[in-house]
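Below is one structure, written out as structure tokens; comments come after it.
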Amino acid sequence: MSLFGQTKRHTPPFTPKGRRSPLPMFSGADEKRFHPASGSTSTSGLFTTVYLPIPRIPFRTSADENGTAGSSRYDYHEKRTRQTRYVRVCLPIPPRLYARLVHPSRPIRALLAFLLLLGVLVLLLGFRRRPGGGGGWSPPFSEPDSLVLTHEEVAAIWEWEVLSGHHPSIQQPPDHLPLLSALTNPSVPYSLAPSTTNDTSSPLLAHHQRTSQAPEGHLVGSGPERTFVAAWEGGEAVHGYPARPLPGLVMDLDTMLERCDFGTYKYVRDCLEFLRVGGGLDNGRRVRRGNYLSTFKQMYYETSPPTHDLKNWTPRLTPSHSRDHSLSRTPLTLNPLLPLPTSISSTTPCDPDRPRVFHMFWAGPFSDKPYMAVMSFLFTQNLGLDSDIASGSDTIRKACRPQFWVWINPGPAAAVPNPSAKREMYEQLATNPWSAPFLHERFLDVVKFKMWNTTEQLDGVDELRDHWRTMPIFNSGGNTYKPAAPAQQTTAAPAPADEPNMGDVVEAVETTEAPVPRKKKDGLFEKVGSTSESDYDRLSVILSDMARFVLTHRYGGIYLDADTIFLRDWEELWNYRGQFAYRWSWHQKYNTAVLKLHKGSALGTFLFKTALENGMDFHPMTVSKYLKDAGLDKLLFRIPDALFDPAWLNMERYQRERPPFPYFPEFSVFFSNDRMDTAGPQQLGFDGFFRGAFSYHFHNFWWLPFDKSRNFPDLGPRFIKGEKALRDAQRAAARLAAGDSESEAGLTAVGDSPDVSTRADMDDEVDLSWSAVMKRTFEGYLRQERPNMYGEWLSWERGNKREDRD
């Protein structure tokens, strides 16, 4: 027998000289005269046809398997399996050359066939289709290109942002974008962004030469000159407290990046010193360091307001009829250019086109987490709470007073609010001890509660209005969440026409049959807030990923995650005219826990159009890819995380040989009071907590209280009712845990016990955590027991009206 089960009588009658292959072959001219079983071959032609053997599969009936019948049929099929089937393969190799090739053994041939099949499969995996339509080939096992705009449209976004004064950085646009030749940048002086041509003594001729001879796509500075100042040399400061930054001072993020970019071997500890000393936060405590301090100048003011000479600018956009089908479904349209920002003056401290609004999104009942965010806002920002001023008197202080907008999602992330949801939300806020203090008349101008309505907000974005209802809005990093309807249910009443489908959420009604238990994964769509590490409200997090872009694009301002506390005044960052987020730890990605976007900006338009064609995915990592693929990442400045998240690198085991203070190997240490620590929180307090950083992001941990022994708002007699309700409930829970009777605990919970009316009755911890110290510091400011971080005492008087202190 031969290799393929053929007898010697089937050996081909003619074998070419030097032939090493046992496979039968023949040329196309003699193909019709030969059969593979005969083994006939031919040496003429340019192609070799080979027949690869494929063994037959035995066939047996059920009767054969039982041994009762069909034995003759089984013998017939068994006989046929001894024969070999062939598949014809035509190779573009001449027969004489093929006959001289060294052919591998059968195991190696099987391995090569497997590798060939794997290669074809990998090739096919490269063909993908975008969620919004269109598709193409991209390298497999890698993310496809997310760009859905033409290069001309991307260049128009660059031009819009630059001409609106939103690029105060010296970074140049990518070389491949067809920008206008020598585009003038009104936010950067010529000394920082000059052209490559020689200048002349005539200013008019110099400007013409710069704009006409500069390279294609080069930004030429045409803005006012910058004067850098030392924060410790000016400003009125209370003894022992730092002075507030002067109105109009701007932080130079390019200079900051040189000192804080750990990717170039910079340490967070050095960055915090640079921010602390340069921001004037070491007033009265500064250590003499010689000329080294002269390098800490990071803030500047402009000698004149910015201007530009380019008028009636129109973007060069691609016509709709010539757009590729793989791009966005509609061409790019941009809003008119925003007026250039004006200089800060005593009469107009605020810019109406760039409002100073902090946004925060919260789902579920108001708790100590958003409470701490608002308290830190009152403790650090320039709100004028130290003076008896009337509403809207910003001109008296010569500074623009920021506002804090807390957006409340009243129910689960996938729920549609009912018509009375807004009224119910305010009723709950007024009766919740954690939120009721901020409804006080003293804070009405600076803290505002607003209800989040997904339908209303998404309809307010032009790029999404006509399309988002047909798409799943719970998409994070490519993972789409859609609830499954119960197996037995009746059809729910249809939703109003202006309400979204919300992933086909179906409400069950009463039936006579036993209810079908919902799967555990379906409970994700019923959660409101995160109560423990295992009970995480993932949908609210995904909704907040989208909400931050919607809010900043519609209203302008800065978005902050609810797990953030303020550590200093943000005046210098508000005056920075660009847009920014901060870096995702050591990755070259963004973390949008802090996000600044201008109202109706071209960059925001780009993000919504791109997200729409990529499945409505607003995860920070995905947004980073959007910007990188389009070459727009320089328009969203990536600030080192030391400014907003100084513990992140330590938590991920970086820079542990030279960490900042305090040293957090884990984020949970912020809430810990380990007796093996050195009691740093109690000794140093607020002033020793990452001094120099603008905020601290403690990364979730919604289920851990800030102050375990005093888990209630301790704000003094003015808000004693809410405090007493929570204290009594806390005392009742402690008695239940200690084994007291249920009735006695219930009596204490309603406040009938006389021994819970004073603070002295509550046991306190010996060692306090950083979170507890921060909470008690902010509360001491509202109790008028201490000033804020700038030495300003809170005044409960407003205008000529005096508040009732009873």
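Each chain in the structure tokens gets a letter, A, B, ..., in the order shown, and its residues are numbered from 1; ligands are numbered from 1 in order too.
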(Q) Residues within 12 Å of Leu249 of chain A, please, as a ChimeraX atom specification. Count only C-alpha atoms; anything in the same chain fewer than 6 positions from it doesn't count. (A) /A:226-231,234-235,279,297-303,343-344,399,569-577
Take the residues that were just selected and, keeping C-alpha atoms, output them as a compact mmCIF listing (two decimals), in the first residue's frame.
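Generated output (again14.txt):
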# COMPACT_ATOMS: atom_id res chain seq x y z
CA ARG A 226 2.30 87.65 29.89
CA THR A 227 3.73 88.96 33.14
CA PHE A 228 4.57 86.21 35.62
CA VAL A 229 4.18 87.02 39.28
CA ALA A 230 5.04 85.35 42.55
CA ALA A 231 1.92 84.61 44.53
CA GLY A 234 1.07 90.10 46.56
CA GLY A 235 -2.42 89.79 47.92
CA GLY A 279 0.31 79.36 44.67
CA LYS A 297 6.46 81.34 39.25
CA GLN A 298 3.53 79.62 37.60
CA MET A 299 0.86 82.33 37.38
CA TYR A 300 0.65 85.31 35.08
CA TYR A 301 -1.63 88.14 34.10
CA GLU A 302 -2.03 89.65 30.65
CA THR A 303 -1.16 93.26 29.92
CA SER A 343 -9.88 91.10 30.82
CA ILE A 344 -11.18 90.94 34.38
CA ALA A 399 -14.06 88.57 41.53
CA ASP A 569 -9.35 78.14 45.31
CA TRP A 570 -9.70 77.41 41.58
CA GLU A 571 -9.29 81.03 40.39
CA GLU A 572 -6.18 80.26 38.32
CA LEU A 573 -7.83 77.33 36.57
CA TRP A 574 -11.03 79.26 35.81
CA ASN A 575 -8.96 81.95 34.11
CA TYR A 576 -7.19 79.36 31.97
CA ARG A 577 -9.04 79.77 28.68
Please, which residues in segment 312-373 of chain A fall within 12 Å of segment 413-427 of chain A when counting only C-alpha atoms, and what is the closest atom pair and distance in Å to one decimal for each, ordered by chain then residue number, as a Markdown table?
| residue | atom | partner | partner_atom | distance |
| --- | --- | --- | --- | --- |
| A:Phe361 | CA | A:Ala413 | CA | 11.6 |
| A:Trp362 | CA | A:Ala413 | CA | 10.5 |
| A:Ala363 | CA | A:Ala413 | CA | 7.7 |
| A:Gly364 | CA | A:Ala413 | CA | 9.5 |
| A:Pro365 | CA | A:Met425 | CA | 9.5 |
| A:Phe366 | CA | A:Met425 | CA | 10.3 |
Q.
Taking only C-alpha atoms into account, name the residue in A:Tyr626, A:Phe637, A:Phe608, A:Phe404 that is nearest to Pro144 of chain A.
A.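 Checking each of A:Tyr626, A:Phe637, A:Phe608, A:Phe404 against Pro144 of chain A, counting only C-alpha atoms, the winner is A:Tyr626.
Atom pair atom CA of Glu779 of chain A / atom CA of Gly791 of chain A has a distance of 15.0 Å (rounded to one decimal).
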Q: Please provide the set of residues having any atom within 10 Å of Lys628 of chain A, restricted to only C-alpha atoms, with same-chain residues fewer than 5 positions apart removed, written as a PyMOL selection string.
A: chain A and resi 145-147+588-589+622-623+633-634
(Q) For Pro646 of chain A, find every residue with an atom within 8 Å (counting only C-alpha atoms), except residues of its own chain fewer than 5 positions away, and show them as a list in words. (A) Val268, Asp641, Pro660, Phe690, Ala693 and Tyr696 of chain A
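Taking atom CA of Val446 of chain A as the reference point, atom CA of Asp545 of chain A is found at 24.4 Å.
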For Thr330 of chain A, list every protein, DNA or RNA residue within 10 Å, evaluated using only C-alpha atoms, and leave out those in the same chain fewer than 6 positions away; present the list as an mmCIF file with N, CA and C atoms, in the first residue's frame.
data_model
loop_
_atom_site.group_PDB
_atom_site.id
_atom_site.type_symbol
_atom_site.label_atom_id
_atom_site.label_comp_id
_atom_site.auth_asym_id
_atom_site.auth_seq_id
_atom_site.Cartn_x
_atom_site.Cartn_y
_atom_site.Cartn_z
ATOM 1 N N VAL A 148 -14.613 59.717 12.529
ATOM 2 C CA VAL A 148 -15.787 59.745 11.653
ATOM 3 C C VAL A 148 -15.908 61.088 10.939
ATOM 4 N N LEU A 149 -14.877 61.912 10.982
ATOM 5 C CA LEU A 149 -14.861 63.200 10.291
ATOM 6 C C LEU A 149 -13.714 63.218 9.297
ATOM 7 N N SER A 320 -21.803 67.434 1.689
ATOM 8 C CA SER A 320 -22.481 66.199 2.100
ATOM 9 C C SER A 320 -22.504 65.163 0.989
ATOM 10 N N ARG A 323 -19.202 62.915 0.886
ATOM 11 C CA ARG A 323 -18.736 62.264 2.110
ATOM 12 C C ARG A 323 -18.713 60.744 1.932
ATOM 13 N N GLU A 463 -26.419 67.339 18.222
ATOM 14 C CA GLU A 463 -25.833 66.188 17.543
ATOM 15 C C GLU A 463 -26.522 64.872 17.907
ATOM 16 N N LYS A 609 -20.504 63.853 18.050
ATOM 17 C CA LYS A 609 -20.642 63.214 16.751
ATOM 18 C C LYS A 609 -19.862 61.908 16.701
#
Q.
I'd like to know which of A:Arg316, A:Arg710, A:Lys625, A:His587 is closest to Leu768 of chain A, using only C-alpha atoms.
A.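 Once distances to Leu768 of chain A are computed over only C-alpha atoms, the minimum belongs to A:Arg710.
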Q | strand (DSSP E or B) residues, from DSSP on the backbone, in segment 557-631 of chain A, as JSON, numbers by chain | A | {"A": [557, 558, 559, 560, 564, 565, 566, 579, 580, 581, 582, 583, 590, 591, 592, 593, 594, 595, 596, 597, 617]}
Those selected residues, please, written with N, CA and C atoms and delivered as a CSV table (one decimal), in the first residue's frame.
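Dumped to out_29.csv:
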chain,number,residue,atom,x,y,z
A,557,GLY,N,-18.6,75.3,31.9
A,557,GLY,CA,-18.1,75.1,33.3
A,557,GLY,C,-17.2,73.9,33.5
A,558,ILE,N,-17.1,73.4,34.7
A,558,ILE,CA,-16.2,72.3,35.1
A,558,ILE,C,-17.1,71.2,35.7
A,559,TYR,N,-16.9,70.0,35.3
A,559,TYR,CA,-17.6,68.9,35.9
A,559,TYR,C,-16.6,68.2,36.9
A,560,LEU,N,-17.2,67.8,38.1
A,560,LEU,CA,-16.4,67.1,39.1
A,560,LEU,C,-17.2,65.8,39.5
A,564,THR,N,-15.2,63.7,45.1
A,564,THR,CA,-14.1,64.7,45.0
A,564,THR,C,-14.3,65.8,46.1
A,565,ILE,N,-13.3,66.2,46.8
A,565,ILE,CA,-13.3,67.3,47.7
A,565,ILE,C,-12.3,68.4,47.3
A,566,PHE,N,-12.7,69.7,47.4
A,566,PHE,CA,-11.9,70.8,47.1
A,566,PHE,C,-10.8,71.0,48.1
A,579,GLN,N,-9.4,74.1,27.6
A,579,GLN,CA,-10.3,73.0,28.1
A,579,GLN,C,-9.3,71.9,28.6
A,580,PHE,N,-9.7,71.2,29.6
A,580,PHE,CA,-8.8,70.2,30.2
A,580,PHE,C,-9.6,69.1,30.9
A,581,ALA,N,-8.8,68.0,31.0
A,581,ALA,CA,-9.2,66.9,31.9
A,581,ALA,C,-7.8,66.5,32.5
A,582,TYR,N,-7.8,65.4,33.3
A,582,TYR,CA,-6.5,65.1,33.9
A,582,TYR,C,-6.1,63.7,33.5
A,583,ARG,N,-4.9,63.3,33.7
A,583,ARG,CA,-4.3,62.1,33.2
A,583,ARG,C,-4.8,60.9,34.0
A,590,TYR,N,-7.1,60.0,29.3
A,590,TYR,CA,-7.7,61.0,30.2
A,590,TYR,C,-8.6,60.3,31.2
A,591,ASN,N,-8.7,61.0,32.4
A,591,ASN,CA,-9.7,60.7,33.4
A,591,ASN,C,-10.6,61.9,33.4
A,592,THR,N,-11.8,61.7,33.1
A,592,THR,CA,-12.8,62.9,33.0
A,592,THR,C,-13.5,63.1,34.4
A,593,ALA,N,-12.9,62.6,35.5
A,593,ALA,CA,-13.5,63.0,36.8
A,593,ALA,C,-13.4,64.5,37.0
A,594,VAL,N,-12.5,65.1,36.4
A,594,VAL,CA,-12.4,66.6,36.3
A,594,VAL,C,-12.4,66.9,34.8
A,595,LEU,N,-13.4,67.7,34.4
A,595,LEU,CA,-13.5,68.0,32.9
A,595,LEU,C,-14.0,69.4,32.8
A,596,LYS,N,-13.3,70.2,32.0
A,596,LYS,CA,-13.7,71.5,31.6
A,596,LYS,C,-13.9,71.6,30.1
A,597,LEU,N,-15.1,72.0,29.7
A,597,LEU,CA,-15.5,72.2,28.3
A,597,LEU,C,-16.2,73.6,28.2
A,617,ASP,N,-20.6,55.6,23.5
A,617,ASP,CA,-19.6,55.2,24.5
A,617,ASP,C,-18.8,56.4,25.0
Q) What is the distance between atom CA of Asp629 of chain A and atom CA of Met616 of chain A, in Å to one decimal? A)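 For atom CA of Asp629 of chain A relative to atom CA of Met616 of chain A, the distance reads 16.7 Å.
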Q: Report the residues of segment 566-790 of chain A whose backbone DSSP state falls under helix (DSSP H, G or I), written as number ranges by chain.
A: A: 571-574, 602-613, 620-630, 641-643, 648-651, 667-671, 680-688, 717-737, 742-749, 754-756, 759-761, 770-782
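Proximity to Asn312 of chain A at 12 Å, evaluated using only C-alpha atoms and with sequence-adjacent residues fewer than 6 positions away removed, yields Trp160, Leu163, Pro336 and Leu337 of chain A.
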Q | Distance query Tyr481 of chain A at most 9 Å, only C-alpha atoms, self and fewer than 4 positions along chain excluded, as a list in words | A |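 My list of contacting residues is Pro472, Ile473, Phe474, Asn475, Ser476, Gly503 and Leu539 of chain A.
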